[in-house]
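See below for structure22.txt, which holds compact mmCIF, C-alpha atoms and all ligand atoms.
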```txt
# COMPACT_ATOMS: atom_id res chain seq x y z
CA ILE T 1 32.37 2.27 -118.13
CA THR T 2 33.08 -1.24 -116.80
CA THR T 3 32.79 -1.40 -113.04
CA SER T 4 33.50 -5.09 -112.52
CA ILE T 5 37.26 -5.70 -112.85
CA GLY T 6 39.42 -8.26 -111.13
CA ILE T 7 40.97 -11.71 -111.22
CA HIS T 8 39.62 -13.82 -114.06
CA ASP T 9 42.06 -16.69 -113.59
CA ILE T 10 44.79 -17.65 -111.11
CA ALA T 11 47.44 -20.40 -111.22
CA PHE T 12 50.68 -21.09 -109.40
CA ALA T 13 53.97 -22.93 -109.72
CA THR T 14 56.74 -23.79 -107.27
CA GLY T 15 60.10 -25.56 -107.03
CA SER T 16 60.33 -29.24 -107.93
CA TYR T 17 61.85 -30.23 -104.56
CA ARG T 18 60.54 -29.98 -101.02
CA ILE T 19 62.19 -30.40 -97.65
CA ASP T 20 60.36 -31.26 -94.44
CA LEU T 21 61.19 -28.70 -91.76
CA ALA T 22 61.95 -31.53 -89.32
CA GLU T 23 65.19 -31.90 -91.33
CA LEU T 24 66.12 -28.30 -90.57
CA ALA T 25 65.02 -28.60 -86.95
CA ALA T 26 67.45 -31.50 -86.45
CA ARG T 27 70.40 -29.41 -87.72
CA HIS T 28 69.31 -26.38 -85.70
CA GLY T 29 68.91 -28.48 -82.54
CA VAL T 30 65.28 -27.43 -81.97
CA GLU T 31 62.03 -29.38 -81.80
CA ALA T 32 60.22 -29.72 -85.14
CA ASN T 33 57.18 -28.24 -83.40
CA LYS T 34 58.93 -24.88 -83.22
CA TYR T 35 58.41 -24.76 -86.98
CA TYR T 36 55.27 -26.89 -87.33
CA ILE T 37 53.38 -25.07 -84.56
CA GLY T 38 55.40 -21.98 -83.61
CA LEU T 39 55.81 -20.75 -87.20
CA GLY T 40 52.92 -22.76 -88.66
CA GLN T 41 55.10 -24.22 -91.43
CA SER T 42 55.51 -27.89 -92.31
CA GLU T 43 57.85 -27.90 -95.31
CA MET T 44 59.30 -25.60 -97.94
CA SER T 45 59.83 -25.72 -101.67
CA VAL T 46 63.38 -25.77 -103.00
CA LEU T 47 64.36 -24.99 -106.58
CA ALA T 48 66.32 -27.36 -108.77
CA ASN T 49 69.58 -25.97 -110.19
CA ASP T 50 67.88 -25.16 -113.47
CA GLU T 51 64.81 -23.41 -112.02
CA ASP T 52 64.49 -19.74 -111.06
CA VAL T 53 61.92 -16.94 -110.84
CA VAL T 54 61.55 -16.89 -114.62
CA THR T 55 60.88 -20.62 -115.05
CA MET T 56 58.40 -20.62 -112.15
CA ALA T 57 56.62 -17.54 -113.54
CA ALA T 58 56.41 -19.02 -117.03
CA THR T 59 55.08 -22.31 -115.64
CA ALA T 60 52.36 -20.55 -113.63
CA ALA T 61 51.38 -18.29 -116.55
CA GLN T 62 51.35 -21.19 -119.04
CA ARG T 63 48.61 -22.84 -116.96
CA ILE T 64 46.47 -19.75 -117.57
CA LEU T 65 47.26 -19.56 -121.29
CA ASP T 66 46.49 -23.28 -121.72
CA ARG T 67 42.94 -22.59 -120.65
CA GLY T 68 42.56 -19.85 -123.27
CA ASP T 69 40.71 -16.55 -123.05
CA SER T 70 39.67 -14.58 -126.10
CA ARG T 71 40.77 -11.18 -124.74
CA PRO T 72 44.26 -10.21 -125.87
CA ILE T 73 47.01 -9.81 -123.27
CA ARG T 74 48.48 -6.35 -123.88
CA THR T 75 50.49 -5.98 -120.66
CA LEU T 76 52.62 -8.34 -118.59
CA ILE T 77 53.68 -7.08 -115.16
CA PHE T 78 56.36 -9.13 -113.40
CA ALA T 79 56.43 -8.55 -109.63
CA THR T 80 59.45 -9.78 -107.67
CA GLU T 81 61.86 -9.23 -104.82
CA THR T 82 64.27 -11.70 -106.40
CA GLY T 83 65.38 -9.66 -109.41
CA ILE T 84 67.87 -11.40 -111.72
CA ASP T 85 69.07 -8.29 -113.55
CA GLN T 86 69.48 -4.64 -112.60
CA SER T 87 68.08 -3.45 -115.90
CA LYS T 88 66.15 -6.00 -117.93
CA ALA T 89 62.69 -7.01 -116.71
CA ALA T 90 62.50 -10.74 -115.97
CA GLY T 91 59.08 -10.60 -117.61
CA VAL T 92 60.70 -10.17 -121.03
CA TYR T 93 62.12 -13.71 -120.76
CA VAL T 94 58.69 -14.95 -119.67
CA HIS T 95 57.10 -13.15 -122.61
CA ARG T 96 59.35 -15.12 -124.99
CA LEU T 97 58.93 -18.46 -123.22
CA LEU T 98 55.15 -18.07 -123.44
CA GLY T 99 55.26 -17.09 -127.09
CA LEU T 100 53.37 -13.81 -126.55
CA GLY T 101 53.19 -11.36 -129.43
CA SER T 102 55.40 -8.30 -129.86
CA ASP T 103 52.40 -6.03 -129.19
CA VAL T 104 52.66 -6.51 -125.40
CA ARG T 105 54.19 -4.07 -122.89
CA VAL T 106 56.35 -5.75 -120.25
CA VAL T 107 57.68 -4.27 -117.04
CA GLU T 108 59.04 -5.42 -113.65
CA VAL T 109 57.95 -3.94 -110.31
CA LYS T 110 59.60 -4.21 -106.89
CA GLN T 111 58.76 -3.47 -103.26
CA ALA T 112 59.69 -6.56 -101.25
CA CYS T 113 56.62 -8.77 -100.75
CA TYR T 114 54.14 -6.03 -101.68
CA SER T 115 54.78 -5.49 -105.40
CA ALA T 116 52.30 -8.07 -106.74
CA THR T 117 49.50 -6.10 -105.13
CA ALA T 118 50.71 -2.88 -106.75
CA ALA T 119 50.81 -4.81 -110.05
CA LEU T 120 47.25 -6.02 -109.53
CA GLN T 121 46.02 -2.49 -108.85
CA PHE T 122 47.88 -1.09 -111.87
CA ALA T 123 46.31 -3.87 -113.94
CA THR T 124 42.78 -2.95 -112.85
CA ALA T 125 43.44 0.65 -113.93
CA LEU T 126 44.65 -0.49 -117.37
CA VAL T 127 41.59 -2.71 -117.81
CA ALA T 128 39.31 0.16 -116.76
CA ARG T 129 40.76 2.16 -119.65
CA SER T 130 40.65 -0.70 -122.18
CA PRO T 131 38.09 -3.26 -120.98
CA GLU T 132 38.53 -5.44 -124.06
CA GLU T 133 42.17 -6.15 -123.08
CA ALA T 134 43.67 -8.45 -120.44
CA VAL T 135 46.67 -7.88 -118.18
CA LEU T 136 48.87 -10.77 -117.06
CA VAL T 137 50.30 -10.23 -113.57
CA VAL T 138 53.03 -12.66 -112.50
CA ALA T 139 54.48 -12.68 -109.00
CA SER T 140 57.56 -14.87 -108.56
CA ASP T 141 60.05 -15.12 -105.72
CA VAL T 142 62.65 -17.25 -103.99
CA ALA T 143 63.01 -16.47 -100.28
CA ARG T 144 66.64 -16.90 -99.23
CA TYR T 145 68.23 -16.26 -95.83
CA GLU T 146 71.58 -17.28 -94.40
CA ILE T 147 72.04 -20.98 -93.71
CA ASP T 148 71.83 -21.68 -89.95
CA SER T 149 70.11 -18.34 -89.23
CA ASN T 150 66.77 -18.46 -87.41
CA ALA T 151 65.12 -17.10 -90.57
CA GLU T 152 66.23 -20.18 -92.53
CA ALA T 153 63.03 -22.06 -91.73
CA THR T 154 61.00 -19.27 -93.33
CA GLN T 155 62.42 -19.70 -96.83
CA GLY T 156 60.41 -20.99 -99.80
CA ALA T 157 59.76 -20.41 -103.49
CA GLY T 158 56.72 -19.85 -105.63
CA ALA T 159 55.04 -17.97 -108.43
CA VAL T 160 51.43 -16.95 -108.95
CA ALA T 161 50.02 -15.78 -112.28
CA MET T 162 46.76 -13.87 -112.50
CA LEU T 163 44.78 -12.78 -115.52
CA VAL T 164 43.13 -9.43 -114.80
CA THR T 165 40.07 -8.61 -116.92
CA ALA T 166 36.65 -7.00 -116.96
CA ASP T 167 33.79 -9.22 -115.73
CA PRO T 168 36.20 -11.58 -113.93
CA ALA T 169 35.24 -15.19 -113.30
CA ILE T 170 36.92 -15.41 -109.88
CA LEU T 171 37.15 -12.15 -107.92
CA GLU T 172 35.91 -8.62 -108.47
CA ILE T 173 38.28 -6.16 -106.82
CA GLU T 174 36.53 -3.34 -104.99
CA PRO T 175 37.71 0.22 -105.61
CA VAL T 176 38.60 1.45 -102.11
CA SER T 177 42.10 0.60 -100.82
CA GLY T 178 43.79 1.34 -97.52
CA LEU T 179 47.48 2.25 -97.80
CA PHE T 180 50.31 2.56 -95.30
CA THR T 181 53.95 3.39 -96.09
CA GLU T 182 56.78 3.88 -93.60
CA ASP T 183 60.57 3.86 -94.11
CA VAL T 184 61.69 1.02 -91.80
CA MET T 185 64.73 -1.29 -92.02
CA ASP T 186 63.09 -4.58 -91.07
CA PHE T 187 64.12 -6.63 -94.14
CA TRP T 188 66.06 -5.68 -97.25
CA ARG T 189 68.55 -7.10 -99.74
CA PRO T 190 71.52 -4.94 -100.84
CA ASN T 191 72.59 -5.39 -104.47
CA HIS T 192 75.67 -7.43 -103.55
CA ARG T 193 73.73 -10.07 -101.58
CA SER T 194 71.78 -13.14 -102.64
CA THR T 195 70.26 -13.53 -99.18
CA ALA T 196 68.08 -11.01 -97.37
CA VAL T 197 69.15 -9.05 -94.30
CA VAL T 198 66.44 -9.21 -91.68
CA ASP T 199 65.67 -7.94 -88.19
CA GLY T 200 63.16 -10.66 -87.36
CA LYS T 201 61.50 -9.16 -84.30
CA LEU T 202 61.31 -5.68 -85.84
CA SER T 203 59.81 -7.18 -88.99
CA ILE T 204 56.98 -8.76 -87.01
CA ASP T 205 56.19 -5.46 -85.26
CA ALA T 206 56.46 -3.53 -88.54
CA TYR T 207 54.06 -6.00 -90.21
CA ILE T 208 51.47 -5.65 -87.42
CA ASN T 209 51.81 -1.86 -87.41
CA ALA T 210 51.35 -1.75 -91.17
CA THR T 211 48.25 -3.98 -90.91
CA THR T 212 46.44 -1.68 -88.49
CA GLY T 213 47.71 1.38 -90.39
CA ALA T 214 46.38 0.16 -93.76
CA TRP T 215 43.08 -0.86 -92.17
CA ALA T 216 42.68 2.60 -90.59
CA ASP T 217 43.20 4.20 -94.00
CA LEU T 218 40.66 1.84 -95.61
CA ALA T 219 38.11 2.67 -92.92
CA SER T 220 38.72 6.43 -93.22
CA ARG T 221 38.00 6.23 -96.97
CA GLY T 222 34.62 4.56 -96.54
CA GLY T 223 35.82 0.99 -97.19
CA PRO T 224 33.62 -1.98 -96.30
CA ALA T 225 32.77 -2.73 -92.66
CA PHE T 226 34.98 -5.32 -90.93
CA GLU T 227 31.86 -7.39 -90.19
CA SER T 228 31.00 -7.64 -93.90
CA ILE T 229 34.25 -9.50 -94.67
CA GLU T 230 33.89 -13.29 -94.73
CA ARG T 231 37.59 -14.30 -94.83
CA PHE T 232 40.94 -12.56 -94.77
CA CYS T 233 43.94 -13.45 -96.95
CA TYR T 234 47.20 -12.15 -95.50
CA HIS T 235 50.76 -12.08 -96.73
CA GLN T 236 52.19 -15.20 -95.05
CA PRO T 237 55.97 -15.13 -94.52
CA PHE T 238 55.03 -17.99 -92.20
CA THR T 239 51.40 -18.78 -91.54
CA ARG T 240 51.48 -17.89 -87.81
CA MET T 241 52.35 -14.33 -88.84
CA ALA T 242 48.88 -13.93 -90.35
CA VAL T 243 47.34 -15.24 -87.12
CA LYS T 244 49.33 -12.78 -85.01
CA ALA T 245 48.41 -9.79 -87.17
CA HIS T 246 44.76 -10.70 -87.64
CA ARG T 247 44.18 -11.33 -83.93
CA LYS T 248 45.47 -7.82 -83.20
CA LEU T 249 43.33 -6.27 -85.91
CA ALA T 250 40.17 -8.18 -85.02
CA ALA T 251 40.55 -7.30 -81.33
CA SER T 252 41.12 -3.60 -81.96
CA VAL T 253 38.52 -3.10 -84.70
CA ALA T 254 35.75 -5.51 -83.70
CA GLU T 255 36.66 -6.64 -80.15
CA LEU T 256 36.84 -10.25 -81.33
CA GLY T 257 38.57 -12.92 -79.27
CA ASN T 258 41.35 -15.09 -80.72
CA ASP T 259 39.09 -18.02 -81.60
CA GLU T 260 36.65 -15.80 -83.49
CA ALA T 261 39.51 -14.08 -85.31
CA ASP T 262 41.16 -17.38 -86.26
CA VAL T 263 37.95 -18.62 -87.98
CA GLN T 264 38.20 -15.69 -90.40
CA LEU T 265 41.52 -17.09 -91.69
CA ASP T 266 40.21 -20.63 -92.28
CA GLY T 267 41.33 -22.23 -95.52
CA THR T 268 44.04 -19.67 -96.34
CA PHE T 269 47.07 -21.55 -94.97
CA ASP T 270 47.23 -24.89 -96.76
CA TYR T 271 49.52 -23.91 -99.62
CA ASN T 272 51.87 -21.50 -97.87
CA ARG T 273 52.36 -23.95 -95.04
CA ARG T 274 53.80 -26.38 -97.58
CA ILE T 275 55.55 -23.97 -99.95
CA GLY T 276 57.13 -21.60 -97.43
CA ASN T 277 57.55 -17.89 -97.99
CA SER T 278 57.13 -16.90 -101.62
CA TYR T 279 57.32 -13.16 -100.87
CA THR T 280 55.10 -11.30 -103.40
CA ALA T 281 53.27 -14.46 -104.42
CA SER T 282 52.40 -15.50 -100.87
CA ILE T 283 49.15 -13.54 -100.38
CA TYR T 284 47.82 -14.87 -103.69
CA LEU T 285 48.71 -18.43 -102.69
CA ALA T 286 46.54 -17.76 -99.64
CA LEU T 287 43.72 -16.83 -102.04
CA ALA T 288 44.35 -19.89 -104.23
CA ALA T 289 44.21 -22.16 -101.17
CA LEU T 290 40.97 -20.57 -99.98
CA LEU T 291 39.29 -20.87 -103.38
CA ASP T 292 40.26 -24.57 -103.47
CA THR T 293 38.47 -25.42 -100.20
CA ASP T 294 34.98 -26.92 -100.23
CA ASP T 295 33.48 -23.71 -98.77
CA ASP T 296 31.04 -21.93 -101.06
CA LEU T 297 32.35 -18.38 -101.24
CA ALA T 298 30.26 -17.13 -104.18
CA GLY T 299 29.10 -13.58 -103.53
CA LYS T 300 31.19 -13.35 -100.35
CA ARG T 301 33.55 -10.47 -99.59
CA LEU T 302 37.22 -11.26 -98.95
CA GLY T 303 39.77 -8.97 -97.29
CA PHE T 304 43.43 -8.82 -98.37
CA LEU T 305 46.39 -7.54 -96.39
CA SER T 306 49.50 -7.19 -98.50
CA TYR T 307 52.75 -6.35 -96.69
CA GLY T 308 56.18 -5.64 -98.14
CA SER T 309 59.02 -4.92 -95.74
CA GLY T 310 60.61 -1.59 -95.98
CA ALA T 311 57.60 -1.01 -95.74
CA VAL T 312 54.44 -0.66 -97.83
CA SER T 313 51.12 -2.29 -97.05
CA GLU T 314 47.69 -2.29 -98.63
CA PHE T 315 44.30 -3.50 -97.40
CA PHE T 316 41.75 -4.11 -100.13
CA THR T 317 38.65 -6.20 -100.62
CA GLY T 318 37.00 -8.22 -103.35
CA ILE T 319 33.75 -10.07 -104.04
CA VAL T 320 33.98 -13.69 -105.14
CA SER T 321 32.22 -14.19 -108.49
CA ALA T 322 29.18 -16.45 -108.93
CA GLY T 323 30.29 -19.66 -110.64
CA TYR T 324 33.95 -19.26 -109.58
CA ARG T 325 34.08 -22.94 -108.67
CA GLU T 326 34.08 -23.94 -112.31
CA HIS T 327 37.36 -22.03 -112.70
CA VAL T 328 39.40 -23.30 -109.76
CA ARG T 329 42.01 -26.03 -110.07
CA ALA T 330 41.90 -27.68 -106.65
CA ASP T 331 42.89 -31.23 -107.70
CA GLU T 332 45.58 -30.02 -110.09
CA ASN T 333 47.03 -27.70 -107.43
CA ARG T 334 47.20 -30.37 -104.74
CA ALA T 335 48.75 -32.83 -107.17
CA LEU T 336 51.39 -30.24 -108.01
CA LEU T 337 52.38 -29.90 -104.36
CA ASP T 338 52.29 -33.65 -103.76
CA GLY T 339 54.38 -34.22 -106.87
CA ARG T 340 57.46 -32.37 -105.59
CA THR T 341 60.43 -34.64 -104.85
CA PRO T 342 61.32 -34.82 -101.15
CA ILE T 343 64.98 -34.09 -100.37
CA GLY T 344 67.02 -34.34 -97.19
CA ASP T 345 69.17 -31.71 -95.51
CA GLU T 346 72.35 -32.73 -97.34
CA GLN T 347 70.89 -32.30 -100.82
CA TYR T 348 69.16 -29.08 -99.77
CA LEU T 349 72.45 -27.63 -98.45
CA ALA T 350 74.26 -28.57 -101.64
CA LEU T 351 71.63 -26.75 -103.71
CA GLN T 352 71.75 -23.66 -101.46
CA ARG T 353 75.52 -23.52 -101.44
CA PHE T 354 75.96 -23.90 -105.17
CA THR T 355 78.00 -20.94 -106.41
CA PRO T 356 79.50 -21.05 -109.89
CA ALA T 357 83.27 -20.47 -110.11
CA ASP T 358 82.68 -18.09 -113.01
CA VAL T 359 79.42 -16.16 -112.69
CA SER T 360 79.56 -14.93 -116.30
CA ASN T 361 79.70 -18.43 -117.80
CA TYR T 362 78.25 -21.59 -116.31
CA GLU T 363 75.88 -24.38 -117.16
CA THR T 364 73.27 -25.84 -114.82
CA THR T 365 72.62 -29.54 -114.48
CA ARG T 366 69.46 -30.91 -116.07
CA GLU T 367 67.09 -31.52 -113.15
CA THR T 368 63.71 -29.88 -113.55
CA PRO T 369 60.85 -32.06 -114.82
CA GLY T 370 59.16 -28.85 -115.97
CA ARG T 371 58.72 -27.43 -119.45
CA PHE T 372 60.89 -24.37 -118.90
CA ARG T 373 64.47 -24.52 -117.70
CA PHE T 374 67.25 -22.13 -116.80
CA GLY T 375 70.28 -23.43 -118.67
CA GLY T 376 72.86 -21.18 -117.01
CA VAL T 377 74.75 -18.08 -118.10
CA ASP T 378 76.62 -17.65 -121.36
CA GLY T 379 78.76 -14.53 -121.65
CA ASP T 380 76.64 -12.80 -118.97
CA LYS T 381 73.42 -13.72 -120.81
CA ARG T 382 70.91 -15.87 -118.96
CA VAL T 383 69.87 -18.87 -121.03
CA TYR T 384 66.26 -20.14 -120.90
CA GLU T 385 65.00 -23.18 -122.76
CA VAL T 386 61.65 -24.71 -123.56
CA VAL T 387 62.17 -28.44 -123.09
N1 LIG I 401 56.72 -25.95 -79.87
C1 LIG I 401 55.82 -25.03 -80.25
N2 LIG I 401 56.12 -23.69 -80.43
C2 LIG I 401 57.41 -23.33 -80.24
C3 LIG I 401 58.40 -24.25 -79.83
C4 LIG I 401 58.02 -25.63 -79.65
N3 LIG I 401 58.90 -26.55 -79.30
N4 LIG I 401 59.56 -23.58 -79.72
C5 LIG I 401 59.31 -22.28 -80.03
N5 LIG I 401 58.00 -22.12 -80.34
C6 LIG I 401 57.31 -20.90 -80.79
C7 LIG I 401 57.70 -19.64 -80.05
O1 LIG I 401 57.03 -19.50 -78.83
C8 LIG I 401 57.31 -18.58 -81.08
O2 LIG I 401 55.92 -18.37 -81.04
P1 LIG I 401 55.31 -16.94 -80.62
O3 LIG I 401 55.92 -15.92 -81.52
O4 LIG I 401 53.85 -17.11 -80.84
O5 LIG I 401 55.72 -16.74 -79.19
C9 LIG I 401 57.60 -19.26 -82.40
O6 LIG I 401 57.72 -20.65 -82.12
C10 LIG I 401 58.88 -18.80 -83.06
O7 LIG I 401 59.90 -18.87 -82.10
P2 LIG I 401 60.97 -17.69 -81.94
O8 LIG I 401 60.27 -16.37 -81.86
O9 LIG I 401 61.92 -18.05 -80.86
O10 LIG I 401 61.66 -17.82 -83.36
P3 LIG I 401 63.00 -17.21 -83.89
O11 LIG I 401 63.30 -15.94 -83.20
O12 LIG I 401 64.05 -18.27 -83.87
O13 LIG I 401 62.65 -16.92 -85.43
C11 LIG I 401 61.56 -15.31 -86.87
C12 LIG I 401 61.37 -16.44 -85.85
C13 LIG I 401 62.08 -14.06 -86.17
C14 LIG I 401 60.21 -15.02 -87.51
C15 LIG I 401 62.59 -15.76 -87.94
O14 LIG I 401 62.15 -16.94 -88.54
C16 LIG I 401 62.80 -14.70 -89.03
O15 LIG I 401 63.55 -13.75 -88.85
N6 LIG I 401 62.14 -14.89 -90.22
C17 LIG I 401 62.26 -13.95 -91.34
C18 LIG I 401 61.52 -12.65 -91.11
C19 LIG I 401 60.03 -12.75 -91.26
O16 LIG I 401 59.50 -13.65 -91.87
N7 LIG I 401 59.31 -11.76 -90.70
C20 LIG I 401 57.89 -11.70 -90.82
C21 LIG I 401 57.39 -10.28 -90.97
S1 LIG I 401 58.24 -9.46 -92.30
C22 LIG I 401 57.42 -9.91 -93.72
O17 LIG I 401 56.34 -10.39 -93.67
C23 LIG I 401 58.10 -9.69 -95.02
C24 LIG I 401 58.69 -10.98 -95.47
O18 LIG I 401 58.05 -11.77 -96.14
C25 LIG I 401 60.05 -11.29 -95.04
```
Once you've parsed the file, please lay out its structure as structure tokens.
Ligand code: CAA
Amino acid sequence: ITTSIGIHDIAFATGSYRIDLAELAARHGVEANKYYIGLGQSEMSVLANDEDVVTMAATAAQRILDRGDSRPIRTLIFATETGIDQSKAAGVYVHRLLGLGSDVRVVEVKQACYSATAALQFATALVARSPEEAVLVVASDVARYEIDSNAEATQGAGAVAMLVTADPAILEIEPVSGLFTEDVMDFWRPNHRSTAVVDGKLSIDAYINATTGAWADLASRGGPAFESIERFCYHQPFTRMAVKAHRKLAASVAELGNDEADVQLDGTFDYNRRIGNSYTASIYLALAALLDTDDDLAGKRLGFLSYGSGAVSEFFTGIVSAGYREHVRADENRALLDGRTPIGDEQYLALQRFTPADVSNYETTRETPGRFRFGGVDGDKRVYEVV
């Protein structure tokens, strides 16, 4: 029986545009510091017309495939809040774009921002049964709220791909999880809407409640001591949310003050602060950012708090593998963020407001510099191209 299972490789992708939140602040008539400091966000990624959750997911996953691993991928789990079809899994398009074989099972999972963590846990179970196989988990989301709402500054877009295997090179996931589920209407998206409905203040309270609830379950099941955890990666709808939740947890569990609690989040904000909310991908962008810092985390235990409105949360832990540094992509990742094209409010609004006159048939303009593009819809069929 293989006991060491976890994340062997991790890579992300995002939109090819970015907007500085000062642009939004000017339209909203607030100081930029409300977003920079109050929310802890500096900019957000915006998709080109011909990018979507599928093209981002394929781009992130291609980075993993390019590196090559001898173990065959037998399962692809696509985690998203931003579903593009009520029936077909978006992962099936990704499967084709990546050129994976027909001997792969593909499925899509959903529970707001939580589903990538469920996918990761399902993947570890599959690998435990067949340790010679690999599972590709892809989390991909576009966070959309109403224009001019106070949630607008917490939008974003991103995808994270993770290869889950035995004897992982990056993070071994420990077996004990803390779970917390509660039916709460803090954030949801009815089938007829392209933007989420949100009760902002309730969502913050629900997130904090779910954090302490999941931790209590972890502790009651003999999970690791709080003091043994070096850093904590939280779901980051905006980075200050992680600070709020962790301060509460650290005070109640370990009587830590705010400054001591904040240190335990060091290094986890850099990517989400620049990408914005990427829903299910967000917590794994926190991990990617942490791995890319200069800190030596080998052998250290990390804590993870995954939260999906509605609401389901999970607290789990993992041990960073020896030699993980040889597998991270710090320079490549920073170049990817720096390489996005800055846009102003006018261009951003035009992209957000784009609605085709005929939703069953339309073509997108050629914009993305990426390898995969969403060409539009032809007779209700989504068209994806490898450029
Ligand atoms: N300088 C510095 N700070 C300032 C400032 C200034 N000039 N002006 C305001 N601030 C601070 C405020 O004091 C506040 O900080 P505290 O909460 O620490 O007091 C912060 O900026 C935000 O200000 P408001 O509370 O007034 O902000 P708001 O009400 O306009 O909007 C929000 C904030 C409710 C989070 C809204 O952006 C929203 O609804 N976002 C979407 C929902 C969300 O992300 N919820 C998070 C939990 S749910 C979840 O995690 C799932 C998910 O991904 C959606």
Mind working out the centre and edge lengths of an axis-aligned box for stretch 167-179 of chain T, all listed atoms inside, 6 Å added to each side, rounded to one decimal in Å and written as AutoDock Vina command-line options?
```
--center_x 40.6 --center_y -6.6 --center_z -106.6 --size_x 25.7 --size_y 29.7 --size_z 30.2
```
Separation of atom CA of T:Ala350 and atom CA of T:Asn150, in Å? 19.0 Å
Which residues are near ligand LIG 401 (chain I) in this structure, taking near to mean any atom at most 9 Å from a ligand atom and counting all atoms listed in the file? Format them as an NGL selection string. :T and (30-40 or 112-114 or 143 or 145 or 149-155 or 186-188 or 196-208 or 235-238 or 240-242 or 244 or 277-280 or 282 or 306-311)
What lies within 8 Å of T:Glu363 using all atoms listed in the file, ignoring chain neighbours under 5 positions off, as an MDAnalysis selection string? chainID T and resid 375:378
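Among the candidates T:Ala214, T:Val320, T:Glu260, T:Ala89, the residue lying nearest to T:Arg105 is T:Ala89 (atoms considered: only C-alpha atoms).
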Near-T:Ala169 list (8 Å; only C-alpha atoms; drop same-chain fewer than 3 positions) as an MDAnalysis selection string: chainID T and resid 7:9 321:324 327
Name the residues in contact with T:Leu265 at a cut-off of 12 Å, using all atoms listed in the file, excluding same-chain residues fewer than 6 positions from it; report them as a PyMOL selection string. chain T and resi 229-236+239-247+250+258-259+286-287+289-290+302-305
Contacts of stretch 47-56 of chain T at 7 Å or less, counting only C-alpha atoms, minus same-chain residues fewer than 3 places along, as a list in words? Ala13, Thr14, Gly15, Ser16, Tyr17, Thr59, Ala60, Ala90, Tyr93, Val94, Ser140, Asp141, Val142, Gly158, Ala159, Leu351, Thr364, Thr365, Arg366, Glu367, Thr368, Phe372, Arg373, Phe374 and Gly375 of chain T
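Closest approach to T:Asn333 from the set T:Tyr348, T:Phe12, T:Phe315, T:Phe180 is made by T:Phe12, with distances taken over only C-alpha atoms.
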Have a look at T:Glu43, T:Glu133, T:Asp380, T:Glu174 and name the one nearest to T:Arg274; count only C-alpha atoms. T:Glu43
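Put simply, atom CA of T:Ala134 is 27.4 Å away from atom CA of T:Val387.
Note that atom CA of T:Arg371 and atom CA of T:Val383 are 14.1 Å apart.
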Nearest to T:Tyr284 by atom-to-atom distance, counting only C-alpha atoms, from T:Val137, T:Val312, T:Ala58, T:Ala123: T:Val137
Find the residues of stretch 23-124 of chain T that sit at most 10 Å from stretch 189-194 of chain T; for each, write down the nearest two atoms and how far apart they are in Å, to one decimal. Count only C-alpha atoms. Sort by chain, then by number going up, and give it as a Markdown table.
```
| residue | atom | partner | partner_atom | distance |
| --- | --- | --- | --- | --- |
| T:Glu81 | CA | T:Arg189 | CA | 8.7 |
| T:Thr82 | CA | T:Ser194 | CA | 8.5 |
| T:Gly83 | CA | T:Asn191 | CA | 9.7 |
| T:Gln86 | CA | T:Asn191 | CA | 8.7 |
| T:Ala112 | CA | T:Arg189 | CA | 9.0 |
```
Pick the closest to T:Pro369 from T:Gly339, T:Gly267, T:Gly299, T:Pro131: which is it, counting all atoms listed in the file? T:Gly339
Report as number ranges by chain all protein, DNA and RNA residues lying within 6 Å of stretch 73-79 of chain T, evaluated on only C-alpha atoms, omitting residues in the same chain fewer than 2 positions from it. T: 91, 104-109, 115-116, 134-139
Name the closest residue to T:Ala161 among the candidates T:Gln352, T:Gln62, T:Thr124, T:Asn272; distances are taken between atoms, counting all atoms listed in the file. T:Gln62
